[in-house]
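The structure appears below as structure tokens.
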Amino acid sequence: MSSPLSPPEPPARPRFRWAQVPPLLAAAFPVALLIGIVVTLAVAGLGFGWLLNPSVNWNPSTGDPSQASFGILVFVVGSFVTALPALVLVLLLSLAIGAATALYLPRRVSLLLNGFVDLLAGIPSVVYGIWGFWIVAPVFGTTLNPWINTHLGFVPGLGGPVPSTGIGIPLAIFVLTLMALPLTAVLVRESLLAVPVAYREAGLALGATRYEVFRRILLPFARRRIGGAALLGFGRALGETVAVFMVIGDATKLPFNFFDLSFTVPGVLVGQFDSAFIQPNYLAALAQLGLVLLAFSLVINVGGRWLVGRVGRGGIAMPEAA
Amino acid sequence: MSAVPASGWADWFSPTELVRFRRRHLVDRWIGRLVPIVFLVAIVPILDLIFWISQRALPTLTWTTLTTNPTGNAGGLYGPIVGTVDLLLLGLAIAVPLGIVSGLSSAIFLPFRWGEVVRGAGDLLVGLPSVILGYFGYFALVIYFGWGASLLAGGVTLGFFMFPYIARASDQAFSSVPPDLKDAALGAGARLRQYARRVAFPIALPQILSGIFLAAAIGIGETAPLLWTALFSSYPPTTLSQPTGYLTGLIWNYYDEPLTFGTEVTLAFQAAFLLIVIVVVMNVIVRLYAERSRKKLEGLYG
């Protein structure tokens with residue numbers, strides 16, 4: 001008999017209920033899917049042992065499959081040669097956009113203008129591709145590339161022949177910049193706006209100009225998260241598939257100069273899969289290359305997310321959901 | 001008492017400092033004028049893209065284009081349009097329930113630490129290059145499960161692609177419900193799942209719907225996950241086991257045909273035009289809807 005004054009019973013241990021199973025399974029699904037993807041690619045790719053080699057010799061379809069060589073250097077070089085300049089451009093643009101939003105523009109105007117930046121994220125990749133291929137490429141081929149070539153030709157890499165079609169590395173950098181910009185711009189903007197308003201006001205009250213507030217207060221404060229944003233943008237640029245394939249020219253050789261055709265890792269994954277159907281070791285090599293790209297993407301994203309961090313629970317998930 | 005320092009103004013506002021002061025402010029003013037120009041980098045390409053794709057697509061875009069199937073080197077977009085809708089609906093049928101329940105669990109039911117694991121995995125899935133998902137769909141669903149290149153395999157792959165976006169959005173939505181409400185509900189004797197269904201879900205719903213719309217807008221524009229899972233077809237699918245056409249695949253197949261050969265390139269531009277219209281409209285709807293429901297919420301708690 002418990003009297004009203006005796007201490008309450010300790011709560012019973014929560015009982016197992018079948019109703020808890022579906023939510024738990026759904027919660028485990030992202031982890032399971034990630035593991036499933038890795039395992040699938042590993043099983044599909046490792047049946048012939050390790051096939052890839054770090055050379056420029058990509059020669060999958062010889063009469064004798066045992067003579068095939070899967071050198072991935074061409075694609076790795078192509079990926080970095082396009083993604084790194086795109087990253088630099090994206091970072092500079094994002095910083096300017098963030099500074100303009102945080103300090104220089106009225107709230108309404110910056111909301112509207114940032115809406116355009118966010119809209120860039122909504123355009124499908126393949127649409128960027130067809131636009132780049134038919135509409136932007138002639139501009140690069142007849143005007144921009146020759147102009148850079150004649151005026152800056154003395155810089156190593158900018159001299160030499162220029163393909164007149166406009167397809168090639170510069171166009172790929174341009175398209176990648178547009179495609180990686182929205183994500184990085186949102187993250188940089190958020191991290192600059194996350195600096196406590198009191199810091200900003202203190203700087204202004206001490207007589208600092210807005211530029212000095214940006215340079216000396218906002219930038220040091222948000223440095224870590226801007227680094228994370230840059231890393232995530234880099235990951236996005238490295239993983240971009242369809243659009244880059246359509247505008248880079250798909251040449252299985254090292255680029256001769258800045259204007260030359262090239263090829264990227266995701267590009268070869270999407271572009272040569274069809275021809276690999278009938279040749280098991282070719283298919284396995286592509287799956288291995290997919291595994292390499294997957295590993296790269298995971299490392300970059302883990303690093304980027306860690307640097308960007310989270311604002312409380314939830315945090316920054318979707319680039320577009322600003 | 002005088003505000004002027006004993007040494008006179010000149011000492012702490014010397015001519016050199018005055019020059020520096022003017023220069024600092026001049027720099028600031030010019031940066032203030034120049035920096036907003038960067039927005040042109042976003043605005044000019046997007047207007048250029050919309051203008052030129054419309055210009056290539058619209059002159060020959062008629063009702064017949066939308067209601068006939070693509071043929072060898074002419075025809076319309078009917079098959080791929082129906083295929084796109086079918087793939088999207090199938091994908092959403094998988095991604096929406098799974099995503100919402102997953103977000104609910106990671107935000108409310110699971111301990112914070114485990115929730116972080118789920119959220120981290122979701123973030124990684126969002127960051128994965130989409131071609132990887134195409135490989136996964138081909139090797140796992142088409143070959144290992146033996147579904148063949150089909151509407152089913154394509155739809156499921158697309159569902160897996162959209163799932164992390166929806167899961168992350170609903171996790172965010174459930175997490176951003178004010179914690180006071182949880183304390184109040186549990187304090188009033190509600191169970192956790194009663195709180196989730198009666199209190200958190202109605203408040204989180206607008207944000208979840210925005211997430212679903214955005215995921216659909218991203219999914220509709222994807223190419224690489226579908227290329228070998230749904231393959232392609234000019235005709236609308238009639239069963240789940242048939243290869244299926246879709247707008248992005250039509251662009252992918254036709255974009256580099258020679259201009260003299262037929263109307264494929266124009267057809268590709270028309271498909272691109274349709275995609276842009278769909279995606280932009282969806283984005284605008286999400287934005288307006290999110291703005292409206294945010295104001296409503298502010299009214300509720302403000």
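In the structure tokens, chains take letters A, B, ... by order of appearance, with residues numbered from 1 within each chain and ligands from 1 in the order shown.
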For range 265-280 of chain B: contacts at 6 Å, only C-alpha atoms, fewer than 2 positions along chain excluded, given as a PyMOL selection string: (chain A and resi 127) or (chain B and resi 57+217+247+251+254-255+263+282-283)
Any chance you could list, as a ChimeraX atom specification, the residues in range 12-230 of chain B that come up helix (DSSP H, G or I) when DSSP is run on the backbone? /B:12,15-60,63-67,78-109,112-127,130-144,151-175,179-187,192-220
Give me, as a ChimeraX atom specification, the residues of chain A touching chain B, with the criterion being at most 7 Å (counting only C-alpha atoms). /A:23-24,26-28,30-31,34,37,40-41,44,93,96-97,100,104,113,116-117,120,122-127,130-131,209-211,239-242,266,270,290,297-298,301,313-315,317-318
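CA of Glu212 in chain A is found 16.0 Å from CA of Pro196 in chain A.
Going from CA of Phe245 in chain A to CA of Pro138 in chain A covers 17.0 Å.
Candidate residues A:Ile135, A:Leu51, A:Leu91, A:Val81 were compared for distance to Gln67 in chain A, and the nearest is A:Leu51, using only C-alpha atoms.
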Taking the DSSP secondary structure from the backbone, can you list the residues of range 46-243 of chain A that are strand (DSSP E or B), as number ranges by chain? A: 47, 49, 52-53, 58-59, 69-71
Dump of N, CA, C and O atoms for the selected residues, as a PDB file, in the first residue's frame:
ATOM      1  N   GLY A  47      36.001  -7.606 -58.708  1.00  0.00           N
ATOM      2  CA  GLY A  47      36.009  -8.989 -59.156  1.00  0.00           C
ATOM      3  C   GLY A  47      37.273  -9.395 -59.908  1.00  0.00           C
ATOM      4  O   GLY A  47      37.647 -10.562 -59.950  1.00  0.00           O
ATOM      5  N   GLY A  49      40.329  -8.043 -59.302  1.00  0.00           N
ATOM      6  CA  GLY A  49      41.468  -7.436 -58.620  1.00  0.00           C
ATOM      7  C   GLY A  49      41.523  -5.950 -58.936  1.00  0.00           C
ATOM      8  O   GLY A  49      40.583  -5.390 -59.511  1.00  0.00           O
ATOM      9  N   LEU A  52      42.931  -0.309 -61.923  1.00  0.00           N
ATOM     10  CA  LEU A  52      43.347   1.047 -62.265  1.00  0.00           C
ATOM     11  C   LEU A  52      44.838   1.222 -62.040  1.00  0.00           C
ATOM     12  O   LEU A  52      45.433   0.583 -61.176  1.00  0.00           O
ATOM     13  N   ASN A  53      45.462   2.068 -62.848  1.00  0.00           N
ATOM     14  CA  ASN A  53      46.843   2.428 -62.587  1.00  0.00           C
ATOM     15  C   ASN A  53      47.043   3.914 -62.841  1.00  0.00           C
ATOM     16  O   ASN A  53      46.301   4.525 -63.616  1.00  0.00           O
ATOM     17  N   TRP A  58      44.932   5.136 -71.011  1.00  0.00           N
ATOM     18  CA  TRP A  58      43.569   4.607 -70.851  1.00  0.00           C
ATOM     19  C   TRP A  58      43.205   3.911 -72.149  1.00  0.00           C
ATOM     20  O   TRP A  58      42.867   4.545 -73.136  1.00  0.00           O
ATOM     21  N   ASN A  59      43.330   2.581 -72.141  1.00  0.00           N
ATOM     22  CA  ASN A  59      43.124   1.833 -73.374  1.00  0.00           C
ATOM     23  C   ASN A  59      42.350   0.558 -73.061  1.00  0.00           C
ATOM     24  O   ASN A  59      42.897  -0.526 -72.988  1.00  0.00           O
ATOM     25  N   SER A  69      44.602  -1.390 -70.518  1.00  0.00           N
ATOM     26  CA  SER A  69      45.249  -0.592 -69.479  1.00  0.00           C
ATOM     27  C   SER A  69      44.287   0.496 -69.020  1.00  0.00           C
ATOM     28  O   SER A  69      43.653   1.170 -69.837  1.00  0.00           O
ATOM     29  N   PHE A  70      44.150   0.622 -67.713  1.00  0.00           N
ATOM     30  CA  PHE A  70      43.220   1.606 -67.186  1.00  0.00           C
ATOM     31  C   PHE A  70      43.979   2.681 -66.413  1.00  0.00           C
ATOM     32  O   PHE A  70      43.950   2.712 -65.177  1.00  0.00           O
ATOM     33  N   GLY A  71      44.674   3.548 -67.135  1.00  0.00           N
ATOM     34  CA  GLY A  71      45.383   4.644 -66.490  1.00  0.00           C
ATOM     35  C   GLY A  71      44.438   5.822 -66.283  1.00  0.00           C
ATOM     36  O   GLY A  71      43.801   6.291 -67.223  1.00  0.00           O
TER      37      GLY A  71
END
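We find CA of Pro236 in chain B and CA of Pro80 in chain B to be spaced 6.7 Å apart.
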Quick one: of B:Leu240, B:Val96, B:Ala153, B:Ala74, who's nearest to Leu141 in chain B, counting only C-alpha atoms? B:Ala153
Quick one: residues within 7 Å of Met179 in chain A, only C-alpha atoms, excluding same-chain residues fewer than 3 positions away - as a PyMOL selection string? chain A and resi 120-121+175-176+182
